[in-house]
$ cat coords.txt   # compact mmCIF, C-alpha atoms
# COMPACT_ATOMS: atom_id res chain seq x y z
CA MET A 95 45.52 -19.53 -81.20
CA THR A 96 42.23 -17.76 -81.17
CA ASP A 97 38.88 -19.19 -81.85
CA ALA A 98 37.32 -17.36 -84.71
CA GLN A 99 33.95 -18.99 -84.30
CA GLY A 100 32.98 -17.42 -80.95
CA PRO A 101 30.97 -19.09 -78.28
CA PRO A 102 29.08 -22.26 -79.08
CA PRO A 103 25.50 -21.72 -80.27
CA MET A 104 22.72 -21.81 -77.66
CA PRO A 105 20.28 -24.66 -77.98
CA ALA A 106 16.89 -23.69 -79.41
CA ASN A 107 14.23 -22.89 -76.79
CA LYS A 108 11.80 -25.80 -76.93
CA GLY A 109 9.20 -24.25 -74.56
CA MET A 110 7.38 -26.16 -71.86
CA SER A 111 6.69 -29.82 -72.15
CA THR A 112 3.10 -31.02 -72.39
CA GLY A 113 3.24 -32.35 -68.81
CA ALA A 114 4.38 -28.97 -67.50
CA LYS A 115 1.56 -27.21 -69.36
CA VAL A 116 -1.04 -29.60 -67.95
CA GLY A 117 0.38 -29.25 -64.45
CA LEU A 118 0.32 -25.47 -64.66
CA GLY A 119 -3.26 -25.48 -65.98
CA VAL A 120 -4.46 -27.81 -63.21
CA GLY A 121 -2.72 -25.67 -60.59
CA ILE A 122 -4.29 -22.46 -61.87
CA GLY A 123 -7.71 -24.16 -62.09
CA CYS A 124 -7.46 -25.40 -58.49
CA LEU A 125 -6.43 -21.96 -57.27
CA ALA A 126 -9.37 -20.40 -59.11
CA LEU A 127 -11.80 -22.89 -57.48
CA VAL A 128 -10.41 -22.17 -54.02
CA ILE A 129 -10.88 -18.44 -54.60
CA ILE A 130 -14.43 -18.90 -55.97
CA PHE A 131 -15.49 -21.18 -53.09
CA GLY A 132 -13.88 -18.84 -50.57
CA ILE A 133 -15.78 -15.85 -51.93
CA GLY A 134 -19.00 -17.90 -52.15
CA GLY A 135 -18.62 -19.10 -48.58
CA PHE A 136 -17.99 -15.59 -47.32
CA VAL A 137 -21.00 -14.18 -49.18
CA GLY A 138 -23.17 -17.05 -47.91
CA TYR A 139 -22.01 -16.50 -44.35
CA LYS A 140 -22.74 -12.78 -44.56
CA TRP A 141 -26.24 -13.46 -45.95
CA VAL A 142 -27.09 -16.00 -43.22
CA LYS A 143 -25.64 -13.75 -40.52
CA GLY A 144 -27.68 -10.83 -41.87
CA LYS A 145 -30.92 -12.88 -41.75
CA TYR A 146 -30.10 -14.07 -38.23
CA ASP A 147 -29.44 -10.50 -37.07
CA GLU A 148 -32.67 -9.36 -38.75
CA PHE A 149 -34.75 -11.99 -36.93
CA VAL A 150 -33.09 -11.33 -33.55
CA ALA A 151 -33.64 -7.58 -34.00
CA GLU A 152 -37.32 -8.24 -34.79
CA PHE A 153 -37.84 -10.08 -31.49
CA GLU A 154 -35.77 -7.65 -29.47
CA ALA A 155 -37.69 -4.69 -30.93
CA LYS A 156 -40.88 -6.29 -29.61
CA GLY A 157 -39.29 -6.48 -26.15
CA PHE A 158 -39.03 -10.27 -26.06
CA LYS A 159 -36.77 -11.96 -23.51
CA LYS A 160 -34.10 -14.26 -25.04
CA VAL A 161 -33.59 -17.90 -24.06
CA ALA A 162 -30.82 -19.69 -25.98
CA GLY A 163 -29.43 -23.21 -26.11
CA GLN A 164 -28.60 -26.03 -28.50
CA ALA A 165 -31.67 -28.22 -27.87
CA LEU A 166 -34.30 -26.50 -25.74
CA VAL A 167 -37.20 -28.28 -24.04
CA ILE A 168 -39.55 -25.75 -22.46
CA THR A 169 -41.80 -27.18 -19.73
CA GLU A 170 -42.49 -24.07 -17.62
CA PRO A 171 -44.92 -21.44 -18.95
CA PRO A 172 -43.18 -18.16 -19.84
CA THR A 173 -44.38 -15.13 -17.88
CA GLU A 174 -43.27 -12.50 -20.40
CA PRO A 175 -42.94 -12.39 -24.20
CA THR A 176 -39.99 -14.65 -24.98
CA TYR A 177 -38.06 -15.86 -27.97
CA TYR A 178 -36.20 -19.14 -28.03
CA LEU A 179 -32.99 -19.50 -29.99
CA GLY A 180 -31.57 -22.97 -30.67
CA GLN A 181 -31.13 -25.74 -33.17
CA THR A 182 -34.24 -27.52 -31.88
CA VAL A 183 -36.92 -26.03 -29.65
CA ASN A 184 -39.66 -28.15 -28.09
CA ILE A 185 -42.34 -26.16 -26.24
CA GLU A 186 -44.36 -28.53 -24.05
CA THR A 187 -46.37 -26.01 -22.05
CA ASP A 188 -49.19 -23.49 -22.31
CA ALA A 189 -48.39 -19.82 -22.86
CA ASP A 190 -50.44 -16.65 -22.39
CA VAL A 191 -47.76 -14.38 -23.90
CA GLU A 192 -46.37 -13.94 -27.41
CA LEU A 193 -43.60 -16.40 -28.27
CA GLY A 194 -40.89 -16.34 -30.90
CA VAL A 195 -38.77 -19.26 -32.04
CA LEU A 196 -35.61 -19.02 -34.13
CA ALA A 197 -34.56 -22.62 -34.80
CA GLN A 198 -34.04 -25.25 -37.43
CA MET A 199 -36.90 -27.31 -35.98
CA ALA A 200 -39.62 -26.43 -33.47
CA GLU A 201 -42.39 -28.53 -31.93
CA LEU A 202 -45.31 -26.96 -30.06
CA SER A 203 -47.72 -28.55 -27.60
CA GLY A 204 -50.19 -26.88 -25.26
CA THR A 205 -52.47 -23.89 -25.67
CA HIS A 206 -50.97 -20.59 -26.83
CA THR A 207 -53.39 -17.69 -26.47
CA GLU A 208 -51.15 -15.10 -28.16
CA LYS A 209 -49.37 -15.08 -31.52
CA VAL A 210 -46.46 -17.44 -32.09
CA TYR A 211 -43.62 -16.33 -34.39
CA PHE A 212 -41.39 -18.92 -36.04
CA ARG A 213 -38.26 -18.35 -38.11
CA GLY A 214 -36.52 -21.50 -39.32
CA GLN A 215 -37.06 -24.64 -41.40
CA ILE A 216 -39.83 -26.77 -39.88
CA ILE A 217 -42.47 -26.03 -37.29
CA LYS A 218 -44.63 -28.86 -36.03
CA ILE A 219 -47.82 -28.20 -34.09
CA LYS A 220 -48.44 -31.44 -32.22
CA LYS A 221 -51.82 -33.10 -31.80
CA ASP A 222 -52.37 -31.36 -28.45
CA GLY A 223 -51.11 -28.01 -29.77
CA HIS A 224 -53.64 -25.18 -29.90
CA LEU A 225 -52.62 -21.80 -31.33
CA MET A 226 -55.39 -19.32 -30.58
CA GLY A 227 -53.50 -16.14 -31.49
CA GLY A 228 -52.30 -17.29 -34.89
CA LEU A 229 -48.92 -18.11 -36.36
CA ASP A 230 -46.45 -15.88 -38.18
CA VAL A 231 -43.72 -17.77 -40.04
CA GLN A 232 -40.76 -17.55 -42.34
CA CYS A 233 -40.02 -21.20 -42.90
CA GLN A 234 -40.06 -24.11 -45.31
CA VAL A 235 -42.66 -26.40 -43.74
CA ILE A 236 -45.62 -26.06 -41.38
CA GLN A 237 -46.71 -29.44 -40.02
CA ASN A 238 -50.06 -28.90 -38.33
CA PHE A 239 -51.48 -31.86 -36.43
CA GLY A 240 -53.14 -29.62 -33.85
CA THR A 241 -55.32 -26.50 -34.17
CA ILE A 242 -54.48 -23.05 -35.48
CA GLU A 243 -57.42 -20.70 -34.80
CA GLY A 244 -55.84 -17.41 -35.77
CA GLU A 245 -54.43 -16.42 -39.11
CA VAL A 246 -51.26 -17.95 -40.54
CA THR A 247 -49.13 -15.11 -41.91
CA GLY A 248 -45.68 -14.87 -43.43
CA ALA A 249 -43.98 -17.09 -45.97
CA TYR A 250 -43.70 -20.86 -46.16
CA GLN A 251 -43.23 -23.43 -48.92
CA MET A 252 -45.41 -26.29 -47.72
CA ARG A 253 -48.20 -26.84 -45.23
CA GLU A 254 -49.07 -30.40 -44.29
CA GLY A 255 -51.10 -32.40 -41.80
CA GLU A 256 -54.39 -30.51 -41.90

$ encode --input "coords.txt" --output "structure tokens"
Amino acid sequence: MTDAQGPPPMPANKGMSTGAKVGLGVGIGCLALVIIFGIGGFVGYKWVKGKYDEFVAEFEAKGFKKVAGQALVITEPPTEPTYYLGQTVNIETDADVELGVLAQMAELSGTHTEKVYFRGQIIKIKKDGHLMGGLDVQCQVIQNFGTIEGEVTGAYQMREGE
């Protein structure tokens, strides 16, 4: 005997279930977010690194000596133009040379006869701080509780304490 009908019919293709569609959409969305955040993080890193390199090059072009650390407390007067690199920099001494600071937060005490350069977020000139040579900044906030005799140049968002 032969079967004249042939093979049994294939079931109709129903497509993906609603749960599968939602799962696929969520997966693709998560992958897209990871890619977007990865690209954003990379671009942000490159921008910050570029600014950091720009500031370091500025100080090195002026012939400044580099002193680096996480949290610096400077109590000895520098004898040559110096820039300090750290998360926090606290200068508690007088200086007769130009100084640069590249930090998130800096605090200055003492008398500074030459220009002070600051690149970071907040610079605080303490009550006994006296900047005779002026201040050049690229920062968010200048907190001045001391004296700035020279000109304040550069860019900042807020100046308080005067």

$ closest_residue --input "coords.txt" --among "A:Gln181, A:Ser111, A:Thr176, A:Thr207" --to "Glu243 of chain A" --atoms "all atoms listed in the file"
A:Thr207

$ atom_distance --input "coords.txt" --atom1 "atom CA of Gly227 of chain A" --atom2 "atom CA of Val191 of chain A"
9.7 Å

$ closest_residue --input "coords.txt" --among "A:Gly214, A:Ile129, A:Glu208, A:Leu202" --to "Gly240 of chain A" --atoms "only C-alpha atoms"
A:Leu202

$ closest_residue --input "coords.txt" --among "A:Gly117, A:Tyr211, A:Ile219, A:Val167" --to "Thr247 of chain A" --atoms "all atoms listed in the file"
A:Tyr211

$ closest_residue --input "coords.txt" --among "A:Lys218, A:His224, A:Lys108, A:Lys159" --to "Ala200 of chain A" --atoms "all atoms listed in the file"
A:Lys218

$ closest_residue --input "coords.txt" --among "A:Ala162, A:Leu196, A:Ile216, A:Ile133" --to "Gln237 of chain A" --atoms "only C-alpha atoms"
A:Ile216

$ closest_residue --input "coords.txt" --among "A:Asp222, A:Ile217, A:Glu148, A:Thr205" --to "Arg253 of chain A" --atoms "only C-alpha atoms"
A:Ile217

$ residues_around --input "coords.txt" --residues "Gln232 of chain A" --least-positions-apart "2" --cutoff "9 Å" --atoms "all atoms listed in the file" --output "JSON, numbers by chain"
{"A": [211, 212, 213, 214, 215, 230, 234, 247, 248, 249, 250]}

$ atom_distance --input "coords.txt" --atom1 "atom CA of Asp188 of chain A" --atom2 "atom CA of Thr173 of chain A"
10.6 Å

$ residues_around --input "coords.txt" --residues "Thr169 of chain A" --least-positions-apart "6" --cutoff "12 Å" --atoms "only C-alpha atoms" --output "number ranges by chain"
A: 183-189, 202-204

$ atom_distance --input "coords.txt" --atom1 "atom CA of Tyr178 of chain A" --atom2 "atom CA of Gly194 of chain A"
6.2 Å

$ residues_around --input "coords.txt" --residues "Val210 of chain A" --least-positions-apart "2" --cutoff "6 Å" --atoms "only C-alpha atoms" --output "list in words"
Glu192, Leu193, Gly194 and Leu229 of chain A
